[in-house]
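Participant: First the structure, then my questions, so here it is.
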Amino acid sequence: MVEELVAAGATLASAGVVYVMAAARVVKQYERGVVFRLGRLRDEVRGPGFTMIVPFVDRLQKVNMQVVTMPVPAQEGITRDNVTVRVDAVVYFKVTGPAEAVVRVEDYRFAVAQMAQTSLRSIIGKSELDDLLSSREKLNQGLELMIDSPAVEWGVTIDRVEIKDVSLPETMKRSMARQAEADRERRARVINADAELQASKKLAEAAQQMADTPAALQLRLLQTVTAVAAEKNSTLVLPFPVELLRFLEKAQQTAGAPQQVPQQPVQVQQQPVQEQLPSPVPRLETGPEGAKSGQD
């Protein structure tokens, strides 16, 4: 009798151990347990630690609550200004509703990945190339909103979306390089012109100051000669005043021009012309007596 009781007790103990082993579950700190009893979802979500379920009746499904880093494959599209680009991104999300993530969507990871690719293509078509290259923060926020809207119903919250790289065609890269080079050259010319303007103002002030004191110009000339001679050059260059050249040119023009005598106006006096009568002409008369001369 005692042996039978001992055997029954051992059997019950063994069955209890097997039951506990079949019913015992351990949920990790970063996980949550969703229990299905005979296919129906239990309202209680099991927290981290040791928990028990009914064997062969309940089924415990663990859901990871950590932030998931999901790379989005590079998507090729045409921007609003008709430029073909390839853009890849990365999505950071986490599960906030374990029951919704298990019940409402078959595979929330795959659903988020497909939604991210579709939203990325949409962002590429709505944006210009300059926005993709410079205004990434604004595009990241818009992309996050587009993915987060349907993901909320799945118990998933989008933590962050980042555009990693924008690949451009080689022709576009060369065009942008030429544009940047031209812009830098323009700025260099503007800076050089501004420097020339400032230098001309200073030189004008210096010239005005030297004009008041002519000896300063000679001192400046001597300083220039000293600076050139210090280099141990075989050729010595002396600056020649431009004003002296102009003076010599004017003197040469004055010497080569012919001298003109000033002409005085000639006054012509008109005298009245008196009409003269012709003098009497001798008249010859002929007669029977011969020729003889006479005057009337």
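Going through the structure tokens in order, the chains are called A, B, and so on, while each chain numbers its residues from 1 and the ligands are numbered from 1 in the order shown.
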Can you pull out every residue within 6 Å of region 162-178 of chain A, counting only C-alpha atoms, but drop anything in the same chain fewer than 3 positions away, and send it as a PyMOL selection string?
Facilitator: chain A and resi 85-90+140+181
Participant: Hey, what does DSSP flag as alpha helix (DSSP H) within region 80-187 of chain A? Can you give it to me as a PyMOL selection string?
Facilitator: chain A and resi 98-103+108-126+129-134+136-151+170-187
Participant: With only C-alpha atoms as the basis for distance, which of A:Val156, A:Gly9, A:Leu132, A:Leu38 is at the shortest distance from Asn64 (chain A)?
Facilitator: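 Closest to Asn64 (chain A) of all the choices is A:Val156.
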Participant: To one decimal place, how far is CA of Tyr92 (chain A) from CA of Arg25 (chain A) in Å?
Facilitator: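 Distance reported for this atom pair: 29.3 Å.
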Participant: If you run DSSP on the backbone here, which positions in region 11-249 of chain A get strand (DSSP E)? Please write them as JSON, numbers by chain.
Facilitator: {"A": [24, 25, 26, 27, 31, 32, 33, 34, 35, 36, 37, 40, 41, 42, 43, 44, 45, 46, 49, 50, 51, 52, 58, 59, 60, 61, 62, 63, 64, 68, 69, 70, 71, 72, 73, 74, 75, 76, 77, 78, 84, 85, 86, 87, 88, 89, 90, 91, 92, 93, 94, 95, 156, 157, 158, 159, 160, 161, 162, 163, 164, 165, 166, 167]}
Participant: Here is a test: counting only C-alpha atoms, which residue of A:Leu5, A:Val102, A:Leu120, A:Ala15 is nearest to Phe36 (chain A)?
Facilitator: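 Of the candidates, the smallest distance to Phe36 (chain A) is held by A:Val102.
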Participant: Quick one: pull the distance between CA of Thr51 (chain A) and CA of Gly33 (chain A), Å, one decimal.
Facilitator: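 So the answer is 9.3 Å.
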Participant: With only C-alpha atoms as the basis for distance, which of A:Leu145, A:Val161, A:Ala199, A:Val225 is at the shortest distance from Val91 (chain A)?
Facilitator: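 Between A:Leu145, A:Val161, A:Ala199, A:Val225, the residue approaching Val91 (chain A) most closely is A:Val161.
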Participant: Please, what distance in Å, to one decimal, runs between CA of Pro73 (chain A) and CA of Asp148 (chain A)?
Facilitator: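 It comes out at 18.4 Å.
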Participant: Residues at most 12 Å from Val20 (chain A), counting only C-alpha atoms, excluding those fewer than 2 positions away in the same chain, as a ChimeraX atom specification?
Facilitator: /A:13-18,22-25,50-55
Participant: Ala99 (chain A): which residues within 12 Å, counting only C-alpha atoms, same-chain residues fewer than 2 positions away excluded, as a count of residues only?
Facilitator: 32
